[in-house]
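These notes concern the structure reproduced below.
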Amino acid sequence: MFDHVKFGVTDYAASKAFYLAALEPLGVAVVSEGDPTYGVELSPPGQPSLCLYQTTEKPAHLHLAFTAANRQQVEAFHRAALKAGGKDNGGPGLRPNYNANYYAAFVIDPDGHNIEVVCHTAGA
């Protein structure tokens, strides 16, 4: 739905490492990178990008939701994000209060942002 989302982080190295590790199950890799104040562009091939840059300002908390192709990717994201230093904010599972097939997991990133990966496909 978007071309790219760019936001500032207070620890560029930690945030870059976190997002690369946590989103690797979704095929995310570095597309381009400049100096930390310009930042890094992360994306699966041919998809919209997530861009991070170094800042001294503490941004307001942000909620980012990434689409997963299947429920296994949601689970792999959650494991990878926790291993990369994220904090659990809701393990993989159905969220029927959103809709019957809303299967998601949530973590808090190094700057306190709520990061979600969601699959809308029915089935195991």
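Ordered as shown in the structure tokens, chains take letters A, B, and onward, while each chain numbers its residues from 1 and ligands are numbered from 1 in the order shown.
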
Could you name the residues that touch segment 81-93 of chain A at 6 Å or less, counting only C-alpha atoms, but leaving out those on the same chain fewer than 5 positions away, as a PyMOL selection string? chain A and resi 18+22+75+103-109

Check the DSSP output for the backbone and give back, as a PDB file with C-alpha atoms, in the first residue's frame, the residues of segment 15-110 of chain A in alpha helix (DSSP H).
ATOM      1  CA  SER A  15      17.670  -0.742  15.130  1.00  0.00           C
ATOM      2  CA  LYS A  16      19.171  -1.779  11.791  1.00  0.00           C
ATOM      3  CA  ALA A  17      20.270  -5.115  13.290  1.00  0.00           C
ATOM      4  CA  PHE A  18      16.858  -5.611  14.935  1.00  0.00           C
ATOM      5  CA  TYR A  19      14.829  -5.007  11.761  1.00  0.00           C
ATOM      6  CA  LEU A  20      17.134  -7.079   9.560  1.00  0.00           C
ATOM      7  CA  ALA A  21      16.912 -10.036  11.943  1.00  0.00           C
ATOM      8  CA  ALA A  22      13.226  -9.712  12.826  1.00  0.00           C
ATOM      9  CA  LEU A  23      12.038  -9.245   9.231  1.00  0.00           C
ATOM     10  CA  ARG A  71       1.073 -17.994   9.487  1.00  0.00           C
ATOM     11  CA  GLN A  72       4.486 -19.661   9.592  1.00  0.00           C
ATOM     12  CA  GLN A  73       6.072 -16.336   8.620  1.00  0.00           C
ATOM     13  CA  VAL A  74       4.219 -14.640  11.496  1.00  0.00           C
ATOM     14  CA  GLU A  75       5.647 -17.212  13.900  1.00  0.00           C
ATOM     15  CA  ALA A  76       9.153 -16.968  12.409  1.00  0.00           C
ATOM     16  CA  PHE A  77       9.039 -13.154  12.701  1.00  0.00           C
ATOM     17  CA  HIS A  78       8.101 -13.369  16.370  1.00  0.00           C
ATOM     18  CA  ARG A  79      10.924 -15.807  17.168  1.00  0.00           C
ATOM     19  CA  ALA A  80      13.471 -13.783  15.174  1.00  0.00           C
ATOM     20  CA  ALA A  81      12.373 -10.466  16.696  1.00  0.00           C
ATOM     21  CA  LEU A  82      12.643 -11.769  20.256  1.00  0.00           C
ATOM     22  CA  LYS A  83      16.058 -13.258  19.507  1.00  0.00           C
TER      23      LYS A  83
END

Could you pull the residues within 10 Å of Tyr12 of chain A, counting only C-alpha atoms, minus those fewer than 5 positions along the same chain, as an mmCIF file with C-alpha atoms, in the first residue's frame?
data_model
loop_
_atom_site.group_PDB
_atom_site.id
_atom_site.type_symbol
_atom_site.label_atom_id
_atom_site.label_comp_id
_atom_site.auth_asym_id
_atom_site.auth_seq_id
_atom_site.Cartn_x
_atom_site.Cartn_y
_atom_site.Cartn_z
ATOM 1 C CA ALA A 17 20.270 -5.115 13.290
ATOM 2 C CA PHE A 18 16.858 -5.611 14.935
ATOM 3 C CA PRO A 36 23.470 6.885 9.422
ATOM 4 C CA THR A 37 21.865 10.344 9.167
ATOM 5 C CA GLY A 39 19.866 5.841 6.727
ATOM 6 C CA VAL A 40 19.148 2.424 5.333
ATOM 7 C CA LEU A 52 15.576 4.059 9.187
ATOM 8 C CA TYR A 53 17.892 6.966 9.982
ATOM 9 C CA GLN A 54 19.865 8.129 13.016
ATOM 10 C CA THR A 55 18.375 10.988 15.036
ATOM 11 C CA PRO A 110 14.585 -0.964 20.493
#

Check the DSSP output for the backbone and give back, as a PyMOL selection string, the residues of chain A in strand (DSSP E). chain A and resi 4-9+29-33+40-43+49-54+63-67+87-88+93-94+103-108+114-119

Margin query: Excluding Asn101 of chain A and its own-chain neighbours fewer than 6 positions away, which residues fall within 12 Å of it when counting only C-alpha atoms? Please give them as a list of chain:residue names.
Written below: A:Asn70, A:Arg71, A:Gly93, A:Leu94, A:Arg95, A:Val118, A:Cys119, A:His120, A:Thr121, A:Ala122, A:Gly123, A:Ala124

Write the residues of the preceding selection, restricted to C-alpha atoms, as a compact mmCIF listing (two decimals), in the first residue's frame.
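Generated file (again09.txt):
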# COMPACT_ATOMS: atom_id res chain seq x y z
CA ASN A 70 1.35 -17.29 5.77
CA ARG A 71 1.07 -17.99 9.49
CA GLY A 93 -2.25 -16.13 17.27
CA LEU A 94 -5.66 -15.35 15.90
CA ARG A 95 -7.12 -11.95 16.76
CA VAL A 118 -0.06 -10.18 10.16
CA CYS A 119 -1.46 -12.84 7.85
CA HIS A 120 -5.07 -12.53 6.65
CA THR A 121 -5.20 -15.97 5.00
CA ALA A 122 -7.39 -18.68 6.50
CA GLY A 123 -5.86 -22.00 7.49
CA ALA A 124 -3.08 -23.49 9.54

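For the atom pair formed by atom CA of His61 of chain A and atom CA of Glu116 of chain A, the distance is 13.3 Å, given to one decimal.
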